[in-house]
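Asker: Encoded as structure tokens, here's the structure I'll be asking about.
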Amino acid sequence: MCTVPLEVKVTMVMFLSVHSTVFHTNRQKNDRAHGLVEGDLYIGALFSIHDQPSGSTGLEGASIQCGDIREQYGIQRAEVALQTIEKINRNKNILPNITLGISIRDSCWYAPVALKQSLKFIPGLDPQSTRTTIGVIGPGSSANTIQVQNLLQLFNVPQIGYSATSKDLSDKTRFGYFFRVVPSDYYQARVLVDLILQAGWNYVSVVNTEGNYGASGMKAFLSMLSDAGICTAAELSVPQHVNIQTNPVFNTTVWELQSHKNARVIVCFCEGRTVRGLLTAIKVNKMDGLFHIIGSDGWADRADVIQGLEETATGGVSIKIHSSEVSNFDKKYFKLQPKNSISNPWLEEFWQWRFNCSLKSNNTAERVCSGKERLQSGYTEDYKLGFVVKAIYTLAHSLHNMQVDLCGNSTAGFCNKMKPFDGKLYKEYLKNIKFNYKNELVLFDANGDPPGHYDIMNFQQVGNNSMEYVAVGTWNNGTLNLHSPVQFHPLSTKHANVFESVCSKECGVGEFKHFQDGAECCWTCVLCREEQYLYNETACKSCHRGWWPNINKTGCDRIPIESLEWDNPESIFVIILAICGIIITIITTSVFIKYNHTPVVKSSSRELSYTILVGISLCFMSTFTLIQKPSHITCVFSRILPGTSIAFIYAALSTKTNRIARILAVKKMITYKPLFMTSTAQVIIATSLIGVEILAIVSSIVLVPPVPMLYYPSVTRVNLVCHTDWSGMIIPFGFDLFLMIVCTYYAVMTRNVPENFNEAKFIGFSCYTTCVIWLSYLPIWFGSDIKVIATCICLSLSAYVTLALQFFPKLYIILLQPHKNDRSFFTTSKEVRCHIGRGTGASKAQMVDNNRRKADPEPMTNSIRSGDGVVGPTVTRSETINSSLSSKTESHRSKKSEEHEETAMGLAPCRHGVQNMGSAVLSVHSLSESGSTQNGHLPNGRLRGWAVDKDKDGHSQTEEFRVFCVNCDTRVKVYPETDLRYFKKSLLPSRLSILEENSFSGNNDIKNIVISIDCKNQPNKGW
């Protein structure tokens, strides 16, 4: 701090003196009175012996009258200062050979008075004074202390605060000569915040006394509130010097506080007078119990604050700076008498005020003091007496250290090296002071402040009618410890069941705070969505896929991974379905193997039937692969088996229906043997189709590897499945669908096969039903999470349908009607389709050599004999054409039996299923005895034929055919099922002969006969 020239100092002092208020009291003697103890060096002391002036804050004329005398803030502090000086002077270990004096002056808790009294402590201003003041303690209030410090530091006079706690005084750039033995309001603000947090409140109202103490404390407190997330409903200030009884400021204040109904806690960073004003207004407006007041050390445990307001103040909490008791002060204080007090000039005035009596008898009505009055009555010790003692000892110990360093000998007394007294040097010793007092270490930090140590006081009802301050906790250097519960006002529960001071209640489980208008303490609670957890108090966050919020919504837990279990009801169902299917398939296969060479099995294309049975078995076995827990192996098989099994079935069925369609092509009669009609060829075709399906499956496996993966059907479930996307589904099953479509097409094309040959119809029914099943399955696959079960059911149903429609009819014949297991029951039709065409030269020679038979002399009807019945209209015998079959040459019969089975000629399709193992030639005798041609037309009649059956030792069989002409020309097509009205053409010459006859079929049950007719001497070329 820079040194101020003396001239400037004197000018400033003169300015202050001129503008200082002339101080008068009602007693001229005490107007200039001050307490004094003589010594070598002096300590100045400013105590509020009297209360502050009443009335306005400004000057009233030329004088201001101080208030009533004060016991705790004034008389007790003056007496403890006198006692402390006496103890120091008696102590040989502190300042030996130096007598320490003290000059006590009244500050009246008012800055102008404090400033004028401070002038007495400035060395050199009074030429008549020879006293050297080493430092000043006081005054009590922070506002007055700042005013005094601004004056004293100009003259390098150190100042020790025993009660001033303003945070501003910690600023050493402004107040370089100020130290204090009480903690800063910074710590007090911290205590208030910790109390609020401890109680769980977050919404309070704040009131402060105008002036440095309240303003600086409020500033520190509000800053800490914001950092702690505590909001303020109202921030109000109350003037210092107002009349509690007449000024409406307190009533206005409490009504403003009452408007914030949720803020029931009032934090008052106030002087004691302000606290009393608030309590008075609360009582007057009948708001007892509505508020819970927490006061700063301006309230502490002062009796004068709550006097007459005890019921209203009940439950209030205040902060008291921790101070050790002053030993033996009470004993000496209680012995005080007005007559034996020399150093305290205010004791007589105090005595008269305290006991409401007069020490001098006069004619007034005032009672004369009896001399028996005792100070013990109604006594309350000022809790700051210990700080007064600490302040005096701090100055004494610092002076002692300075004297030892300068004089070299503690017994040297006030040596010349200390003259004149250097306040600037003395300040350095104060900064580094450290000593013990009552087991407490006294020292200053860089700001001249001691550590914070507070007691938490609660004004409680003790016993039935007694009320007093009770220490319920402490706050020591940052740690709050409440060792007793805080008692609230008895009427606090009248306003709410539970006392709380919050703008908004805490949100429930899984709710976050939505703050309103930027207020950190006022919010609405919003529930997190089902899949979210509470990320922080202001936001929710969705759990990652496969995770789900825990019960408290504080985090996410992994969802248990599900997979199909064997004991699940749906798994049991499909397993039973598959096992039953496998058993039936095994039985069917066993029956077919046992009756492998019977007509029923042979007529059903044995090789393809076994292929279908393999596919059916794979369909059923796919179920066990699909419901297994997904792994690399099971996933591969679950991709292979379903598609392959369907391919086995429909590759065989497509091959079979294709062959039937080619054999029974009605509109395009084939006169040559079709290709790929043998059993070997059919197996090769079916195998090739299956190979295409396998290739498709392999391709899908390469494109989409079948590995286990997690599937999320919903946000709450996780399934372990095999990885399959649409391509893995479409590629293999697409070809299966193609086979189904092809098979269905051929089934439709062959739906009108002859009555006895109905296998194509059953194939058609299988295709139709399977298509319906799989069309129903597709939406399930793409739109649900039961894909595996649906696939198992579809595969099993497809297998059951094929098994029932393709094999059950055959099993019925084999097992229940074995007499039908004969070739005659597998004829293509009861009427044979014949193709008649013009012969060639070579054929004619052969025709002449053929055996001939005369027309049957028996009368015949124009009908076809089938079984035991006769069908169709009748004709006369003369309209009959006889035919006969004879066997071909021996060389034809020597062909291999397999080829014969595929190309056998004759009338094998006849009613009895006779199969001619060789080629046969049909010769026709055109007319009977009376059947001559008439007008060149062929009469309606019957063609009688017979076939040679090697299996029946050459016995022949005769079959009758209806023969008529359709669109006749030189090549005649004969259709037995065509109506007889087409016989409108001219008759052939007297003779019909077989030119050429061929039979072809991959299925021995289907025979076509081609008859060539010699049309020589044809009278009518039109047919």
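Chain lettering (A, B, ...) mirrors the order of the structure tokens, residue numbering begins at 1 for each chain separately, and ligand numbering begins at 1 in order of display.
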Please list as a PyMOL selection string every residue within 6 Å of stretch 152-157 of chain A, counting only C-alpha atoms and excluding residues in the same chain fewer than 2 positions away.
Answerer: chain A and resi 135+149-150+177+423-424
Asker: Within 10 Å of A:Tyr73, counting only C-alpha atoms, which residues qualify if same-chain residues fewer than 5 places away don't, as a short mmCIF file (atom, residue, chain, number, x, y, z; two decimals) with C-alpha atoms, in the first residue's frame?
Answerer:
data_model
loop_
_atom_site.label_atom_id
_atom_site.label_comp_id
_atom_site.auth_asym_id
_atom_site.auth_seq_id
_atom_site.Cartn_x
_atom_site.Cartn_y
_atom_site.Cartn_z
CA PHE A 47 -17.89 -0.80 21.41
CA SER A 48 -21.56 -0.09 20.85
CA ILE A 49 -22.21 1.08 24.40
CA HIS A 50 -25.47 2.59 23.20
CA ASP A 51 -27.86 1.49 20.53
CA ALA A 78 -16.15 -3.05 27.77
CA CYS A 108 -23.37 3.76 19.06
CA TRP A 109 -23.53 1.19 16.17
CA GLY A 140 -19.06 -4.25 15.97
CA GLU A 381 -23.45 -13.61 28.30
CA ASP A 382 -22.54 -12.07 24.97
CA TYR A 383 -21.14 -14.91 22.88
CA LYS A 384 -18.65 -12.57 21.21
CA LEU A 385 -16.78 -11.76 24.39
#
Asker: Just want the 10 Å neighbourhood of A:Ile575, counted on only C-alpha atoms, with same-chain residues fewer than 2 positions away dropped. Output as a list in words.
Answerer: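 Final neighbour list, sorted by chain and number: Trp566, Pro569, Glu570, Ser571, Ile572, Phe573, Leu577, Ala578, Ile579, Cys580, Gly581, Phe620, Met621, Thr623, Phe624, Ile627, Cys792, Ile793 and Ser796 of chain A.
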Asker: Emit the selected residues as a short mmCIF file (atom, residue, chain, number, x, y, z; two decimals), in the first residue's frame, including N, CA, C and O atoms.
Answerer:
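Listing of selection_3.cif after writing:
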data_model
loop_
_atom_site.label_atom_id
_atom_site.label_comp_id
_atom_site.auth_asym_id
_atom_site.auth_seq_id
_atom_site.Cartn_x
_atom_site.Cartn_y
_atom_site.Cartn_z
N TRP A 566 -36.99 -77.19 -26.61
CA TRP A 566 -37.71 -78.42 -26.94
C TRP A 566 -38.98 -78.59 -26.11
O TRP A 566 -39.91 -79.27 -26.54
N PRO A 569 -44.47 -75.36 -25.80
CA PRO A 569 -45.67 -75.98 -26.38
C PRO A 569 -45.65 -76.04 -27.89
O PRO A 569 -46.00 -77.06 -28.49
N GLU A 570 -45.22 -74.95 -28.53
CA GLU A 570 -45.21 -74.95 -29.99
C GLU A 570 -44.16 -75.92 -30.54
O GLU A 570 -44.36 -76.56 -31.57
N SER A 571 -43.02 -76.04 -29.81
CA SER A 571 -42.00 -77.00 -30.25
C SER A 571 -42.51 -78.43 -30.11
O SER A 571 -42.29 -79.27 -31.00
N ILE A 572 -43.18 -78.70 -29.00
CA ILE A 572 -43.73 -80.05 -28.80
C ILE A 572 -44.73 -80.39 -29.91
O ILE A 572 -44.75 -81.52 -30.43
N PHE A 573 -45.54 -79.40 -30.29
CA PHE A 573 -46.53 -79.64 -31.33
C PHE A 573 -45.88 -80.01 -32.66
O PHE A 573 -46.25 -81.01 -33.29
N LEU A 577 -45.88 -83.56 -34.70
CA LEU A 577 -46.32 -83.56 -36.09
C LEU A 577 -45.27 -84.23 -36.98
O LEU A 577 -45.60 -85.04 -37.87
N ALA A 578 -44.00 -83.91 -36.74
CA ALA A 578 -42.93 -84.49 -37.55
C ALA A 578 -42.74 -85.97 -37.26
O ALA A 578 -42.54 -86.78 -38.19
N ILE A 579 -42.79 -86.36 -36.01
CA ILE A 579 -42.58 -87.77 -35.66
C ILE A 579 -43.67 -88.64 -36.27
O ILE A 579 -43.40 -89.71 -36.83
N CYS A 580 -44.92 -88.18 -36.16
CA CYS A 580 -46.01 -88.94 -36.77
C CYS A 580 -45.81 -89.07 -38.27
O CYS A 580 -46.04 -90.13 -38.87
N GLY A 581 -45.36 -87.98 -38.90
CA GLY A 581 -45.12 -88.02 -40.33
C GLY A 581 -44.01 -88.99 -40.70
O GLY A 581 -44.11 -89.72 -41.70
N PHE A 620 -40.05 -83.77 -42.90
CA PHE A 620 -40.31 -84.03 -41.49
C PHE A 620 -39.04 -83.86 -40.65
O PHE A 620 -39.07 -83.34 -39.53
N MET A 621 -37.91 -84.30 -41.17
CA MET A 621 -36.67 -84.21 -40.41
C MET A 621 -36.18 -82.78 -40.31
O MET A 621 -35.40 -82.44 -39.40
N THR A 623 -37.76 -80.34 -39.30
CA THR A 623 -38.28 -79.77 -38.05
C THR A 623 -37.25 -79.86 -36.94
O THR A 623 -37.04 -78.90 -36.18
N PHE A 624 -36.56 -80.98 -36.83
CA PHE A 624 -35.61 -81.17 -35.73
C PHE A 624 -34.39 -80.28 -35.90
O PHE A 624 -33.78 -79.87 -34.91
N ILE A 627 -35.63 -76.41 -34.98
CA ILE A 627 -35.90 -76.04 -33.59
C ILE A 627 -34.69 -76.21 -32.69
O ILE A 627 -34.75 -75.92 -31.50
N CYS A 792 -41.71 -75.00 -39.93
CA CYS A 792 -41.88 -76.41 -39.56
C CYS A 792 -43.29 -76.90 -39.91
O CYS A 792 -43.46 -77.99 -40.48
N ILE A 793 -44.29 -76.10 -39.59
CA ILE A 793 -45.67 -76.51 -39.86
C ILE A 793 -45.91 -76.61 -41.36
O ILE A 793 -46.54 -77.57 -41.85
N SER A 796 -44.24 -79.73 -42.75
CA SER A 796 -44.94 -80.94 -42.36
C SER A 796 -46.28 -81.06 -43.09
O SER A 796 -46.64 -82.15 -43.56
#
Asker: Kindly give the distance, in Å, that separates atom CA of A:Ile160 and atom CA of A:Lys172, rounded to a single decimal.
Answerer: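 Atom-to-atom, atom CA of A:Ile160 to atom CA of A:Lys172, that is 13.6 Å.
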Asker: Out of A:Cys270, A:Trp201, A:Leu399, A:Gln245, which residue has the shortest atom-to-atom distance to A:Tyr42 when counting only C-alpha atoms?
Answerer: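 Distance minimum relative to A:Tyr42 lands on A:Leu399.
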Asker: Which polymer residues have any atom within 9 Å of an atom of A:Ser358, counting only C-alpha atoms, with same-chain residues fewer than 5 positions away left out, as a PyMOL selection string?
Answerer: chain A and resi 351-353+366-369
Asker: Could you pull out the strand (DSSP E or B) residues of stretch 271-416 of chain A, going by DSSP on the backbone, and write them as an NGL selection string?
Answerer: :A and (292-295 or 317-321 or 358 or 368)
Asker: Can those selected residues be exported to a file as a compact mmCIF listing (two decimals), in the first residue's frame so that it contains N, CA, C and O atoms?
Answerer:
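Heads up, here's the output in part.txt:
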# COMPACT_ATOMS: atom_id res chain seq x y z
N HIS A 292 -40.10 -20.88 8.06
CA HIS A 292 -39.00 -21.39 8.89
C HIS A 292 -37.82 -20.47 8.60
O HIS A 292 -37.27 -20.46 7.50
N ILE A 293 -37.42 -19.67 9.61
CA ILE A 293 -36.40 -18.65 9.42
C ILE A 293 -35.04 -19.21 9.83
O ILE A 293 -34.89 -19.79 10.91
N ILE A 294 -34.07 -19.01 8.94
CA ILE A 294 -32.68 -19.34 9.23
C ILE A 294 -31.91 -18.03 9.20
O ILE A 294 -31.83 -17.37 8.15
N GLY A 295 -31.36 -17.65 10.34
CA GLY A 295 -30.68 -16.37 10.45
C GLY A 295 -29.17 -16.51 10.52
O GLY A 295 -28.63 -17.55 10.91
N VAL A 317 -33.75 -21.12 13.30
CA VAL A 317 -32.37 -21.60 13.32
C VAL A 317 -31.46 -20.41 13.06
O VAL A 317 -31.72 -19.59 12.16
N SER A 318 -30.40 -20.32 13.83
CA SER A 318 -29.45 -19.22 13.64
C SER A 318 -28.03 -19.76 13.70
O SER A 318 -27.79 -20.87 14.19
N ILE A 319 -27.13 -18.94 13.20
CA ILE A 319 -25.72 -19.31 13.18
C ILE A 319 -24.97 -18.46 14.20
O ILE A 319 -25.11 -17.23 14.22
N LYS A 320 -24.21 -19.14 14.98
CA LYS A 320 -23.42 -18.45 15.99
C LYS A 320 -21.95 -18.81 15.79
O LYS A 320 -21.60 -19.98 15.69
N ILE A 321 -21.16 -17.77 15.69
CA ILE A 321 -19.72 -18.03 15.54
C ILE A 321 -19.21 -18.69 16.81
O ILE A 321 -19.46 -18.21 17.93
N SER A 358 -33.09 4.64 40.14
CA SER A 358 -32.19 5.80 40.11
C SER A 358 -31.21 5.69 41.27
O SER A 358 -31.57 5.33 42.40
N VAL A 368 -35.70 4.54 43.63
CA VAL A 368 -34.29 4.66 44.01
C VAL A 368 -33.70 3.27 44.18
O VAL A 368 -34.33 2.39 44.77
Asker: Under the rule that only C-alpha atoms are counted, which of A:Leu480, A:Glu607, A:Asn144, A:Phe250 is the nearest residue to A:Ala199?
Answerer: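 Answer, going by the shortest atom-to-atom distance: A:Leu480.
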Asker: Out of A:Val275, A:Ala45, A:Ile814, A:Leu395, which residue has the shortest atom-to-atom distance to A:Asn596 when counting only C-alpha atoms?
Answerer: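 For A:Asn596, the nearest of the candidates is A:Ile814.
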Asker: So the first atom is atom CA of A:Pro713 and the second is atom CA of A:Ile731; what is the distance between them in Å, to one decimal place?
Answerer: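 About the pair atom CA of A:Pro713 and atom CA of A:Ile731: they are 23.6 Å apart.
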Asker: Need the shell around A:Lys261: protein/DNA/RNA residues with any atom at most 10 Å away, counting only C-alpha atoms. Skip same-chain ones fewer than 6 positions apart. Format as a ChimeraX atom specification?
Answerer: /A:233,290-291,495,501-503
Asker: Would you please work out which residue, of A:Ile583, A:Leu46, A:Cys722, A:Val692, is nearest to A:Cys635 when using only C-alpha atoms?
Answerer: A:Cys722
Asker: I'd like to know which of A:Glu325, A:Glu38, A:Asp288, A:Asp567 is closest to A:Ser492, using only C-alpha atoms.
Answerer: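 Answer, going by the shortest atom-to-atom distance: A:Asp288.
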Asker: Name all residues at most 7 Å from stretch 798-805 of chain A (count only C-alpha atoms; drop same-chain ones fewer than 5 positions away) and give them as a compact mmCIF listing (two decimals) with C-alpha atoms, in the first residue's frame.
Answerer:
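Once written, out-v6.txt looks like this:
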# COMPACT_ATOMS: atom_id res chain seq x y z
CA GLY A 581 -45.12 -88.02 -40.33
CA ILE A 616 -41.23 -86.23 -47.56
CA CYS A 619 -39.53 -82.36 -44.78
CA PHE A 762 -54.19 -86.47 -57.22
CA SER A 766 -51.38 -81.97 -54.04
CA THR A 770 -49.40 -77.03 -51.25
Asker: Show which residues sit within 10 Å of A:Gly316, as a list in words. Count only C-alpha atoms, and ignore same-chain residues fewer than 4 positions away.
Answerer: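 Final neighbour list, sorted by chain and number: Ile266, Phe291, His292, Ile293, Ile294, Gly295, Glu310, Thr312, Met457, Asn458, Phe459, Gln460, Tyr469, Val486, Gln487, Phe488 and His489 of chain A.
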Asker: Quick one: pull the distance between atom CA of A:Asn262 and atom CA of A:Tyr203, Å, one decimal.
Answerer: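 Distance between the two atoms: 7.3 Å.
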